[in-house]
Amino acid sequence: MVNSLAHTELLRFTTAGSVDDGKSTLIGRLLYDSKSIFEDQYEAISQTSAKRGEEGVNLALLTDGLKAEREQGITIDVAYRYFATPKRKFIIADTPGHIQYTRNMVTGASTANVALILIDARKGVVEQTRRHAFIASLLQIPHLIVCINKMDLVDFSEEAYNKIKDDFSGFSHRLDVKDVEFIPMSALLGDNVVDRSSNMDWYGGSTLLYALENVHIGSDNNFIDCRLPVQTVIRPYSDAYHDYRGYAGRIAGGVFKKGDKITVLPSGFTSTIAKIDTYDGELEEAFPPMSVTLLLEDEIDISRGDMIVRENNQPDVSQDIEVMLCWFNERPLQPRGKYAIMHTTQEARCIIKDVRYRLDINTLHRDEENKEVRMNDICRVLLRTTAPLLTDPYRKNRITGSVILVDEQTNETVAAGMVI
Amino acid sequence: MTANYQLNHLRELESESIFVLREVAAQFENPVLLFSGGKDSILMVHLAVKAFYPAKIPFTLLHVDTGHNFQETIDYRDQLVERIGAKLIVGSVQEAIDSGMVREETGYNATRNYLQTAVLLDSLEKGKYDAALGGGRRDEEKARAKERFFSHRDEFGQWDPKNQRPELWNLFNGRKQYGEHFRVFPISNWTELDVWQYLAVEEVELPNLYFAHERKVFRRDGMLLAESEHLPRRPEEKLERMTVRCRTIGDITCTGVWESSAATLEDIIAEVSMARQTERGGRADDKRSETAMEDRKKQGYF
Ligand SMILES: Nc1nc2c(ncn2[C@@H]2O[C@H](COP(=O)(O)OP(=O)(O)O)[C@@H](O)[C@H]2O)c(=O)[nH]1
Ligand SMILES: [Mg+2]
C-alpha cells in the first residue's frame, strides 16, 4: 500500500472560464466520478440543492464554499480542491470569474502545471477565452487543456467542436503556449470527463481525467540553472554540532551535487559543497523542489536572501528590473510610487520608475498613451530596487523570475510581477 | 534530463511544508506552534523537527487545553515535548472559566470547544506571539478550502475571508501592523489520506486513540461518543462496549469515535481510502450549522 505510492506524482491545475461555462460543475464532476466525494458532503449539497428548489444535485455546490458565495450562487475567491487517483494526486485551484477575475486566475496560475480553459460550445471562443489563454501563457503554465463544454446543448456536433478548435488555434499560436489539447465534453452529464462519451464517437482523443493523469510534467521544473535562495541559517548551538552552519532553502533550479564548486551572491565568494544535509541523512544530489540544507567547505558569511549558484551559471544581478506586472489592488498603481518588493527569500524596496505600456489583454494592444494602471490591469514597468535582486527571466525560471509588490502602509500584496 | 528528478507527492508536500515552516522562522519574531495532540499537529511537529534539524525547533508549543481531554493525549504531548526539547505553554479553558473570562455552556450538548477561541486569543496576546502555526488542511472543510498559507488576522484575531491577500508562487507576505498576527498553515495542501500515508512511511509514533481499541461508547445524533465524566448522557443514551478508533482527536465532548478494527497504520490507510464520510463528519462542533466552521474561523478559531 505504502510502497505503491513511490510513483504518485503531484499535479496542480487551475480552471478558467467565463461565468456559467461550467467550471464548478466540471470540478464537482471530476470529484464525484473519481469517488473523491464523501457521503456527508454529498448529503449536505443534496439538502442545499433541495432547499433551493433545484432539480437533481447541484455538484457546483461542492466548490462554492463561503457563505456569501452560496447565498449569491457565485464563487468569489480562489478555493483549493483535492482528489487523487492511483497515478496522481491533484490540487485544483478553482478560480472564479467576475470582477476580481484576473487577480484570481493569476494567483491560481502561478503554481499550476496545467490550465483547463472552459468554453461553452454554444458560444464558442469569446473575448474571455482569449484573456484566459493569454494569462496562462503570461504565467507560463506549461500545459493547456481546452475543455469544450456543454456539448449536449449542440447535439454533440463534431462541426461545432472543430470550429472552436480552429478559432482557438487561430490566436493561440501567437501566444507563448507549447502544449495544447482539446476535449469535447459535458460536465453536467459526465461525457468525456472521467468516462468516455458514447455520444461522440467521432472524437478519438482522451478523456479529461486520462489527460490529467498522463500529461508529462517531469520537465516542468528547471533542472539546468542551479539556484538555492537561502531561507535561513541553521546553527544548532549544541555540543554535538558545535561548528555546524547549514544554509537551508528550497532548490529553485538545477541539480546541486556534493563537491560542486559554488558561488554565493551577491557577495561573490566561492566555495565547495561539503554536504547536502537532511533529517533523513546526507544526499548526493538535490533538485527542485526539494528542501535541503547545504554545508560548505569554507566559512563564509551567508544570510537569508543570498543565493547559492554554480560558478559558471549565474542569474542577473541588478537594481533595474523590467517586469510584467498584474495589478491587484483597488488603489491604482502610483507612477514613481514606492513599494516593498519580495523576490525569492529577499526583501527590498522599489520605485516604479516607468510604466512602459499598459496591455489590453483582449486585443494584446500595447497602450503607451493611457498608462493609468488599475485593478486587474497588466502592464510592463521598469523597477529600481534599493538592493540588487538576483533574478532570472520568468520564462526560464518561475521561482527566481517572480516578484510581488507590497503596499508599505497597508501591507497588502498589490501586484505580481514576472521578470522579462 | 532523465525522469529520476521527480519527487513523489508525499515528498513534494513535505518539501513545501518545510519551506513554509522555515519562512515562518525567518519572517516572524515570536512564532508559536498550536499543538492539539491530534495527528495534524503531530505531523506539523514532525515536519518542524525535519525543517530545522539538527537544531531544535524554533517554536514554542501552545496547547489550548479544554480540560476535557482524553488522558492519552496529555501523556503523548508531554512525552513529545520532552523528546524534542521544546517549550510548552498551556492555555487553560478551566482557568478562564474560573476567572470569569468565559462562561461555560450547560446542557447535554455543552462543549468547551467554543471557549477555546477566547483562550487562544488571550494566550497569543499574553505571549506576544506574532504568528501561530496551525495544522488546518484545506480538504477538511469548505471554509478552510479558501484559507491561505499565511493568513492575516486583525488586532481582534479575526479572519476576513473576503479580503485575503493574494498568495502567488512561493512568495509569502508576512508583513503586518503592530498588534496584528498571522495564522500559518504549513500542511494546507495535505489531505487526510496524505497525512496517514506519510505518518506510515515516516513511522511516526501516534497516540493509541487512533488505533482500534475497546471503549464504552454511546450514540447521539448519528455519532458515537466516548463515555466520559465530562459528557452527561440523556436517560435513553445507553453505554455499549465497542471496538472503535478516533479519526481526529479534539475535545472529548465533541469528538466522535468510529467503529473500526484498524490496528495498524496500514489498516488505517486502507480504511481512509475507502471511507465514505469526511473525518469532520464526526465532529459535533461542525454540525451546528452549515457555516459553523466559517463563523468560528472569522472570530479567531484555529
Ligand atoms: N447542459 C449543460 N449544462 C451545464 C454543463 N456544465 C454546466 N452546466 C450548467 O451551467 C450552469 C453554470 O454552471 P457552473 O458550474 O456554476 O458554472 P461556473 O460559473 O463556471 O462555475 C449550471 O446551471 C450548470 O448546471 C453541461 O455540460 N451541459
Ligand atoms: Mg462557479
# chains A, B, ... in the order shown; residues from 1 in each chain; ligands from 1
$ interface_residues --of "chain B" --to "chain A" --cutoff "6 Å" --atoms "only C-alpha atoms" --output "list of chain:residue names"
B:Asn8, B:His9, B:Ser15, B:Lys50, B:Tyr53, B:Ala55, B:Lys142, B:Ala143, B:Ala145, B:Lys146, B:Arg165, B:Leu168, B:Trp169, B:Arg175, B:Arg276, B:Gln277, B:Thr278
$ residues_near_ligand --ligand "ligand 1" --cutoff "6 Å" --atoms "only C-alpha atoms and all ligand atoms" --output "ChimeraX atom specification"
/A:17,19-25,60,149-150,152-153,186-188
$ write_last_selection --atoms "N, CA, C and O atoms" --output "compact mmCIF listing (two decimals), in the first residue's frame"
# COMPACT_ATOMS: atom_id res chain seq x y z
N GLY A 17 -12.64 30.10 -17.04
CA GLY A 17 -13.81 30.11 -17.92
C GLY A 17 -14.65 31.31 -17.54
O GLY A 17 -14.45 31.89 -16.48
N VAL A 19 -18.23 33.20 -16.51
CA VAL A 19 -19.29 32.80 -15.59
C VAL A 19 -20.25 31.87 -16.32
O VAL A 19 -20.61 32.12 -17.47
N ASP A 20 -20.64 30.79 -15.67
CA ASP A 20 -21.62 29.84 -16.20
C ASP A 20 -21.11 28.94 -17.32
O ASP A 20 -21.89 28.24 -17.95
N ASP A 21 -19.82 28.93 -17.58
CA ASP A 21 -19.31 27.98 -18.56
C ASP A 21 -19.29 26.56 -18.00
O ASP A 21 -19.16 25.60 -18.75
N GLY A 22 -19.35 26.46 -16.65
CA GLY A 22 -19.44 25.13 -16.05
C GLY A 22 -18.23 24.70 -15.25
O GLY A 22 -18.01 23.51 -15.03
N LYS A 23 -17.44 25.66 -14.78
CA LYS A 23 -16.23 25.31 -14.01
C LYS A 23 -16.56 24.52 -12.75
O LYS A 23 -16.00 23.46 -12.50
N SER A 24 -17.48 25.08 -11.96
CA SER A 24 -17.80 24.41 -10.70
C SER A 24 -18.41 23.04 -10.96
O SER A 24 -18.11 22.07 -10.28
N THR A 25 -19.26 22.96 -11.98
CA THR A 25 -19.88 21.68 -12.31
C THR A 25 -18.81 20.67 -12.74
O THR A 25 -18.83 19.50 -12.35
N ALA A 60 -21.99 21.82 -8.38
CA ALA A 60 -21.23 23.06 -8.25
C ALA A 60 -21.14 23.50 -6.79
O ALA A 60 -20.19 24.18 -6.39
N ASN A 149 -17.13 22.61 -23.46
CA ASN A 149 -18.16 22.08 -22.57
C ASN A 149 -19.57 22.31 -23.12
O ASN A 149 -19.76 23.10 -24.05
N LYS A 150 -20.52 21.65 -22.50
CA LYS A 150 -21.94 21.74 -22.87
C LYS A 150 -22.17 21.21 -24.28
O LYS A 150 -23.02 21.74 -25.02
N ASP A 152 -23.64 18.67 -24.99
CA ASP A 152 -25.02 18.16 -25.05
C ASP A 152 -25.98 19.21 -25.61
O ASP A 152 -27.01 18.87 -26.19
N LEU A 153 -25.62 20.46 -25.49
CA LEU A 153 -26.51 21.52 -25.97
C LEU A 153 -26.28 21.86 -27.44
O LEU A 153 -27.00 22.69 -28.01
N SER A 186 -19.32 17.09 -21.70
CA SER A 186 -20.46 17.65 -20.99
C SER A 186 -20.21 17.43 -19.50
O SER A 186 -20.28 16.30 -19.03
N ALA A 187 -19.89 18.51 -18.83
CA ALA A 187 -19.59 18.39 -17.40
C ALA A 187 -20.84 17.97 -16.65
O ALA A 187 -20.79 17.20 -15.70
N LEU A 188 -21.99 18.44 -17.14
CA LEU A 188 -23.24 18.14 -16.45
C LEU A 188 -23.56 16.65 -16.52
O LEU A 188 -23.91 16.03 -15.53
$ residues_around --residues "Ala131 in chain B" --least-positions-apart "6" --cutoff "8 Å" --atoms "only C-alpha atoms" --output "tab-separated table (two decimals) with N, CA and C atoms, in the first residue's frame"
chain	number	residue	atom	x	y	z
B	24	VAL	N	8.37	30.93	8.23
B	24	VAL	CA	7.82	31.45	9.49
B	24	VAL	C	8.95	31.79	10.45
B	28	PHE	N	9.08	35.91	11.17
B	28	PHE	CA	8.43	36.36	12.39
B	28	PHE	C	9.39	36.36	13.58
B	30	ASN	N	8.34	35.99	16.94
B	30	ASN	CA	7.95	35.15	18.06
B	30	ASN	C	6.82	34.20	17.67
B	31	PRO	N	7.16	33.21	16.84
B	31	PRO	CA	6.11	32.29	16.38
B	31	PRO	C	5.82	31.20	17.41
B	32	VAL	N	4.59	30.71	17.38
B	32	VAL	CA	4.19	29.64	18.28
B	32	VAL	C	3.50	28.57	17.45
B	181	HIS	N	-1.57	39.67	13.96
B	181	HIS	CA	-0.75	38.47	13.85
B	181	HIS	C	-1.16	37.64	12.65
B	182	PHE	N	-0.44	36.56	12.45
B	182	PHE	CA	-0.73	35.66	11.34
B	182	PHE	C	-1.04	34.27	11.86
B	183	ARG	N	-1.95	33.60	11.17
B	183	ARG	CA	-2.08	32.16	11.33
B	183	ARG	C	-1.39	31.56	10.12
B	184	VAL	N	-0.59	30.57	10.33
B	184	VAL	CA	0.10	29.96	9.20
B	184	VAL	C	-0.22	28.48	9.18
$ residues_around --residues "Ile74 in chain B" --least-positions-apart "3" --cutoff "10 Å" --atoms "only C-alpha atoms" --output "list in words"
Ser36, Gly37, His63, Asp65, Asn69, Phe70, Gln71, Arg77, Asp78, Gln79, Leu80 and Pro207 of chain B
$ closest_residue --among "A:Thr95, A:Ser34, A:Asn397, A:Gly56" --to "ligand 2" --atoms "only C-alpha atoms and all ligand atoms"
A:Thr95
$ atom_distance --atom1 "CA of Gly107 in chain B" --atom2 "CA of Phe35 in chain B"
28.2 Å
$ atom_distance --atom1 "CA of Val215 in chain A" --atom2 "CA of Ala252 in chain A"
22.2 Å
$ select_by_dssp --residues "range 213-323 of chain A" --states "strand (DSSP E)" --output "tab-separated table (two decimals) with N, CA, C and O atoms, in the first residue's frame"
chain	number	residue	atom	x	y	z
A	227	ARG	N	20.09	27.09	-8.55
A	227	ARG	CA	19.72	28.25	-7.72
A	227	ARG	C	19.22	27.77	-6.37
A	227	ARG	O	18.24	27.02	-6.30
A	228	LEU	N	19.85	28.22	-5.31
A	228	LEU	CA	19.29	27.97	-3.97
A	228	LEU	C	19.19	29.29	-3.21
A	228	LEU	O	20.18	29.80	-2.70
A	229	PRO	N	17.98	29.86	-3.14
A	229	PRO	CA	17.80	31.06	-2.32
A	229	PRO	C	17.85	30.63	-0.85
A	229	PRO	O	17.10	29.74	-0.44
A	232	THR	N	17.18	30.46	5.62
A	232	THR	CA	17.58	30.65	7.00
A	232	THR	C	18.88	29.87	7.23
A	232	THR	O	19.17	28.94	6.49
A	233	VAL	N	19.65	30.31	8.20
A	233	VAL	CA	20.91	29.63	8.50
A	233	VAL	C	20.69	28.76	9.74
A	233	VAL	O	20.19	29.24	10.75
A	234	ILE	N	21.04	27.50	9.63
A	234	ILE	CA	20.83	26.58	10.75
A	234	ILE	C	22.10	26.43	11.58
A	234	ILE	O	23.14	26.01	11.08
A	246	GLY	N	24.50	25.44	8.53
A	246	GLY	CA	23.82	24.93	7.34
A	246	GLY	C	22.98	26.02	6.69
A	246	GLY	O	22.34	26.81	7.37
A	247	TYR	N	22.98	26.04	5.34
A	247	TYR	CA	22.19	27.03	4.61
A	247	TYR	C	20.94	26.35	4.09
A	247	TYR	O	21.00	25.53	3.19
A	248	ALA	N	19.82	26.69	4.71
A	248	ALA	CA	18.58	25.97	4.42
A	248	ALA	C	17.77	26.69	3.37
A	248	ALA	O	17.68	27.92	3.36
A	249	GLY	N	17.17	25.91	2.47
A	249	GLY	CA	16.31	26.51	1.46
A	249	GLY	C	15.73	25.45	0.55
A	249	GLY	O	16.04	24.26	0.69
A	250	ARG	N	14.87	25.91	-0.35
A	250	ARG	CA	14.23	25.01	-1.30
A	250	ARG	C	14.90	25.23	-2.66
A	250	ARG	O	15.00	26.38	-3.10
A	256	PHE	N	22.06	20.32	-7.71
A	256	PHE	CA	23.27	20.54	-6.92
A	256	PHE	C	23.84	19.18	-6.52
A	256	PHE	O	23.10	18.28	-6.12
A	257	LYS	N	25.18	19.06	-6.63
A	257	LYS	CA	25.81	17.81	-6.22
A	257	LYS	C	26.88	18.10	-5.20
A	257	LYS	O	27.52	19.15	-5.21
A	261	LYS	N	31.50	23.15	-7.15
A	261	LYS	CA	32.01	24.49	-6.85
A	261	LYS	C	30.83	25.46	-6.94
A	261	LYS	O	30.08	25.44	-7.91
A	262	ILE	N	30.68	26.29	-5.92
A	262	ILE	CA	29.53	27.21	-5.94
A	262	ILE	C	29.99	28.65	-5.69
A	262	ILE	O	31.11	28.90	-5.22
A	263	THR	N	29.11	29.57	-6.04
A	263	THR	CA	29.34	30.99	-5.77
A	263	THR	C	28.15	31.50	-4.96
A	263	THR	O	27.01	31.08	-5.21
A	264	VAL	N	28.44	32.35	-4.00
A	264	VAL	CA	27.36	32.94	-3.22
A	264	VAL	C	27.13	34.36	-3.72
A	264	VAL	O	28.07	35.14	-3.85
A	265	LEU	N	25.88	34.67	-4.01
A	265	LEU	CA	25.55	36.03	-4.48
A	265	LEU	C	24.73	36.73	-3.40
A	265	LEU	O	23.99	36.08	-2.68
A	270	THR	N	33.34	32.23	-3.20
A	270	THR	CA	33.18	30.90	-3.76
A	270	THR	C	33.56	29.85	-2.73
A	270	THR	O	34.32	30.11	-1.80
A	271	SER	N	33.02	28.66	-2.91
A	271	SER	CA	33.35	27.54	-2.04
A	271	SER	C	32.93	26.24	-2.73
A	271	SER	O	32.60	26.24	-3.93
A	272	THR	N	32.91	25.16	-1.97
A	272	THR	CA	32.55	23.85	-2.49
A	272	THR	C	31.50	23.25	-1.57
A	272	THR	O	31.56	23.44	-0.36
A	273	ILE	N	30.55	22.51	-2.15
A	273	ILE	CA	29.52	21.89	-1.32
A	273	ILE	C	30.13	20.71	-0.57
A	273	ILE	O	30.58	19.73	-1.17
A	274	ALA	N	30.17	20.82	0.75
A	274	ALA	CA	30.75	19.75	1.57
A	274	ALA	C	29.71	18.66	1.83
A	274	ALA	O	30.04	17.48	1.90
A	275	LYS	N	28.46	19.08	1.92
A	275	LYS	CA	27.44	18.13	2.32
A	275	LYS	C	26.07	18.68	1.98
A	275	LYS	O	25.83	19.88	2.10
A	276	ILE	N	25.19	17.81	1.48
A	276	ILE	CA	23.78	18.18	1.31
A	276	ILE	C	23.04	17.43	2.41
A	276	ILE	O	22.94	16.20	2.39
A	277	ASP	N	22.57	18.17	3.38
A	277	ASP	CA	22.06	17.52	4.59
A	277	ASP	C	20.54	17.55	4.65
A	277	ASP	O	19.90	18.50	4.19
A	285	GLU	N	22.75	14.38	-4.31
A	285	GLU	CA	22.33	15.49	-5.16
A	285	GLU	C	20.96	16.00	-4.73
A	285	GLU	O	20.20	15.29	-4.08
A	286	ALA	N	20.69	17.24	-5.09
A	286	ALA	CA	19.41	17.85	-4.72
A	286	ALA	C	18.89	18.64	-5.91
A	286	ALA	O	19.65	19.29	-6.62
A	291	SER	N	13.53	20.62	-0.33
A	291	SER	CA	14.01	21.49	0.74
A	291	SER	C	15.19	20.79	1.41
A	291	SER	O	15.05	19.67	1.90
A	292	VAL	N	16.33	21.44	1.38
A	292	VAL	CA	17.55	20.82	1.90
A	292	VAL	C	18.35	21.83	2.71
A	292	VAL	O	17.96	22.99	2.86
A	293	THR	N	19.50	21.37	3.21
A	293	THR	CA	20.43	22.24	3.91
A	293	THR	C	21.82	22.00	3.33
A	293	THR	O	22.27	20.86	3.28
A	294	LEU	N	22.46	23.05	2.83
A	294	LEU	CA	23.81	22.89	2.26
A	294	LEU	C	24.86	23.29	3.28
A	294	LEU	O	24.74	24.29	3.97
A	295	LEU	N	25.92	22.47	3.35
A	295	LEU	CA	27.08	22.83	4.16
A	295	LEU	C	28.25	23.04	3.21
A	295	LEU	O	28.42	22.28	2.25
A	296	LEU	N	29.04	24.08	3.48
A	296	LEU	CA	30.12	24.42	2.57
A	296	LEU	C	31.48	24.13	3.20
A	296	LEU	O	31.61	24.05	4.42
A	307	MET	N	21.91	34.00	-2.49
A	307	MET	CA	21.60	32.87	-3.35
A	307	MET	C	22.86	32.09	-3.65
A	307	MET	O	23.90	32.66	-3.93
A	308	ILE	N	22.74	30.76	-3.52
A	308	ILE	CA	23.87	29.89	-3.86
A	308	ILE	C	23.65	29.38	-5.28
A	308	ILE	O	22.58	28.86	-5.60
A	309	VAL	N	24.66	29.59	-6.13
A	309	VAL	CA	24.54	29.23	-7.54
A	309	VAL	C	25.82	28.53	-7.99
A	309	VAL	O	26.78	28.45	-7.22
A	310	ARG	N	25.86	28.03	-9.24
A	310	ARG	CA	27.09	27.45	-9.76
A	310	ARG	C	27.95	28.59	-10.30
A	310	ARG	O	27.46	29.58	-10.82
A	316	ASP	N	20.94	37.20	-13.20
A	316	ASP	CA	21.23	38.63	-13.35
A	316	ASP	C	21.26	39.28	-11.98
A	316	ASP	O	20.41	39.00	-11.14
A	317	VAL	N	22.24	40.13	-11.78
A	317	VAL	CA	22.33	40.85	-10.51
A	317	VAL	C	22.13	42.32	-10.85
A	317	VAL	O	22.99	42.93	-11.47
A	318	SER	N	20.96	42.86	-10.49
A	318	SER	CA	20.68	44.21	-10.95
A	318	SER	C	19.68	44.93	-10.06
A	318	SER	O	18.86	44.30	-9.38
A	319	GLN	N	19.75	46.26	-10.09
A	319	GLN	CA	18.78	47.08	-9.38
A	319	GLN	C	17.75	47.67	-10.32
A	319	GLN	O	16.81	48.32	-9.88
A	320	ASP	N	17.94	47.45	-11.63
A	320	ASP	CA	16.97	47.94	-12.62
A	320	ASP	C	16.35	46.73	-13.29
A	320	ASP	O	17.02	46.00	-14.01
A	321	ILE	N	15.05	46.55	-13.07
A	321	ILE	CA	14.44	45.30	-13.50
A	321	ILE	C	13.19	45.58	-14.32
A	321	ILE	O	12.30	46.32	-13.90
A	322	GLU	N	13.13	44.97	-15.49
A	322	GLU	CA	11.95	45.08	-16.36
A	322	GLU	C	10.99	43.96	-16.01
A	322	GLU	O	11.37	42.79	-15.98
A	323	VAL	N	9.74	44.34	-15.74
A	323	VAL	CA	8.79	43.37	-15.22
A	323	VAL	C	7.42	43.53	-15.88
A	323	VAL	O	6.98	44.64	-16.15
$ closest_residue --among "A:Gly204, A:Leu26, A:Tyr32, A:Lys338" --to "ligand 2" --atoms "only C-alpha atoms and all ligand atoms"
A:Leu26
$ closest_residue --among "B:Met274, B:Val217, B:Leu13, B:Leu231" --to "Glu259 in chain B" --atoms "only C-alpha atoms"
B:Val217
$ closest_residue --among "A:Leu325, A:Ala16, A:Val125, A:Ile117" --to "ligand 2" --atoms "only C-alpha atoms and all ligand atoms"
A:Ala16
$ residues_around --residues "Arg245 in chain B" --least-positions-apart "5" --cutoff "8 Å" --atoms "only C-alpha atoms" --output "PyMOL selection string"
chain B and resi 209-213+257-262
$ atom_distance --atom1 "CA of Leu265 in chain B" --atom2 "CA of Glu214 in chain B"
17.5 Å
$ closest_residue --among "A:Phe168, A:Arg130, A:Leu118, A:Arg52" --to "ligand 2" --atoms "only C-alpha atoms and all ligand atoms"
A:Leu118
$ decode --residues "range 215-224 of chain A" --atoms "all heavy atoms" --output "mmCIF file, in the first residue's frame"
data_model
loop_
_atom_site.group_PDB
_atom_site.id
_atom_site.type_symbol
_atom_site.label_atom_id
_atom_site.label_comp_id
_atom_site.auth_asym_id
_atom_site.auth_seq_id
_atom_site.Cartn_x
_atom_site.Cartn_y
_atom_site.Cartn_z
ATOM 1 N N VAL A 215 -0.376 13.738 -18.710
ATOM 2 C CA VAL A 215 0.416 14.845 -19.247
ATOM 3 C C VAL A 215 1.799 14.809 -18.589
ATOM 4 O O VAL A 215 1.941 14.543 -17.397
ATOM 5 C CB VAL A 215 -0.304 16.196 -19.028
ATOM 6 C CG1 VAL A 215 -0.677 16.408 -17.584
ATOM 7 C CG2 VAL A 215 0.558 17.355 -19.510
ATOM 8 N N HIS A 216 2.828 15.021 -19.412
ATOM 9 C CA HIS A 216 4.199 14.874 -18.919
ATOM 10 C C HIS A 216 4.641 16.120 -18.161
ATOM 11 O O HIS A 216 4.819 17.185 -18.738
ATOM 12 C CB HIS A 216 5.152 14.632 -20.086
ATOM 13 C CG HIS A 216 6.588 14.574 -19.664
ATOM 14 N ND1 HIS A 216 7.091 13.528 -18.919
ATOM 15 C CD2 HIS A 216 7.609 15.429 -19.839
ATOM 16 C CE1 HIS A 216 8.364 13.751 -18.656
ATOM 17 N NE2 HIS A 216 8.716 14.900 -19.208
ATOM 18 N N ILE A 217 4.812 15.978 -16.836
ATOM 19 C CA ILE A 217 5.196 17.140 -16.041
ATOM 20 C C ILE A 217 6.618 17.031 -15.523
ATOM 21 O O ILE A 217 7.096 17.883 -14.786
ATOM 22 C CB ILE A 217 4.232 17.350 -14.836
ATOM 23 C CG1 ILE A 217 4.130 16.074 -13.996
ATOM 24 C CG2 ILE A 217 2.869 17.780 -15.310
ATOM 25 C CD1 ILE A 217 3.382 16.286 -12.691
ATOM 26 N N GLY A 218 7.303 15.965 -15.936
ATOM 27 C CA GLY A 218 8.650 15.700 -15.432
ATOM 28 C C GLY A 218 9.639 16.804 -15.730
ATOM 29 O O GLY A 218 10.642 16.957 -15.034
ATOM 30 N N SER A 219 9.383 17.602 -16.777
ATOM 31 C CA SER A 219 10.350 18.652 -17.085
ATOM 32 C C SER A 219 9.769 20.051 -16.878
ATOM 33 O O SER A 219 10.240 21.020 -17.446
ATOM 34 C CB SER A 219 10.873 18.473 -18.512
ATOM 35 O OG SER A 219 9.818 18.156 -19.379
ATOM 36 N N ASP A 220 8.722 20.153 -16.044
ATOM 37 C CA ASP A 220 8.148 21.473 -15.761
ATOM 38 C C ASP A 220 9.076 22.331 -14.902
ATOM 39 O O ASP A 220 9.048 23.550 -14.961
ATOM 40 C CB ASP A 220 6.781 21.349 -15.078
ATOM 41 C CG ASP A 220 5.692 20.869 -16.045
ATOM 42 O OD1 ASP A 220 6.030 20.640 -17.224
ATOM 43 O OD2 ASP A 220 4.537 20.720 -15.625
ATOM 44 N N ASN A 221 9.904 21.690 -14.082
ATOM 45 C CA ASN A 221 10.874 22.450 -13.295
ATOM 46 C C ASN A 221 12.138 22.713 -14.117
ATOM 47 O O ASN A 221 12.419 22.014 -15.081
ATOM 48 C CB ASN A 221 11.267 21.665 -12.037
ATOM 49 C CG ASN A 221 10.189 21.712 -10.975
ATOM 50 O OD1 ASN A 221 9.691 22.781 -10.642
ATOM 51 N ND2 ASN A 221 9.818 20.559 -10.455
ATOM 52 N N ASN A 222 12.897 23.705 -13.691
ATOM 53 C CA ASN A 222 14.181 23.985 -14.330
ATOM 54 C C ASN A 222 15.256 23.117 -13.662
ATOM 55 O O ASN A 222 15.516 23.251 -12.475
ATOM 56 C CB ASN A 222 14.499 25.476 -14.167
ATOM 57 C CG ASN A 222 15.860 25.844 -14.732
ATOM 58 O OD1 ASN A 222 16.811 25.071 -14.661
ATOM 59 N ND2 ASN A 222 15.966 27.039 -15.286
ATOM 60 N N PHE A 223 15.862 22.204 -14.434
ATOM 61 C CA PHE A 223 16.888 21.328 -13.874
ATOM 62 C C PHE A 223 18.280 21.720 -14.359
ATOM 63 O O PHE A 223 19.230 20.973 -14.238
ATOM 64 C CB PHE A 223 16.605 19.866 -14.232
ATOM 65 C CG PHE A 223 15.356 19.323 -13.574
ATOM 66 C CD1 PHE A 223 14.209 19.092 -14.318
ATOM 67 C CD2 PHE A 223 15.328 19.073 -12.213
ATOM 68 C CE1 PHE A 223 13.056 18.611 -13.711
ATOM 69 C CE2 PHE A 223 14.184 18.583 -11.595
ATOM 70 C CZ PHE A 223 13.051 18.353 -12.355
ATOM 71 N N ILE A 224 18.381 22.900 -14.964
ATOM 72 C CA ILE A 224 19.637 23.285 -15.587
ATOM 73 C C ILE A 224 20.406 24.314 -14.769
ATOM 74 O O ILE A 224 21.589 24.141 -14.504
ATOM 75 C CB ILE A 224 19.361 23.913 -16.977
ATOM 76 C CG1 ILE A 224 18.368 23.028 -17.719
ATOM 77 C CG2 ILE A 224 20.670 24.194 -17.704
ATOM 78 C CD1 ILE A 224 18.745 22.390 -18.953
#
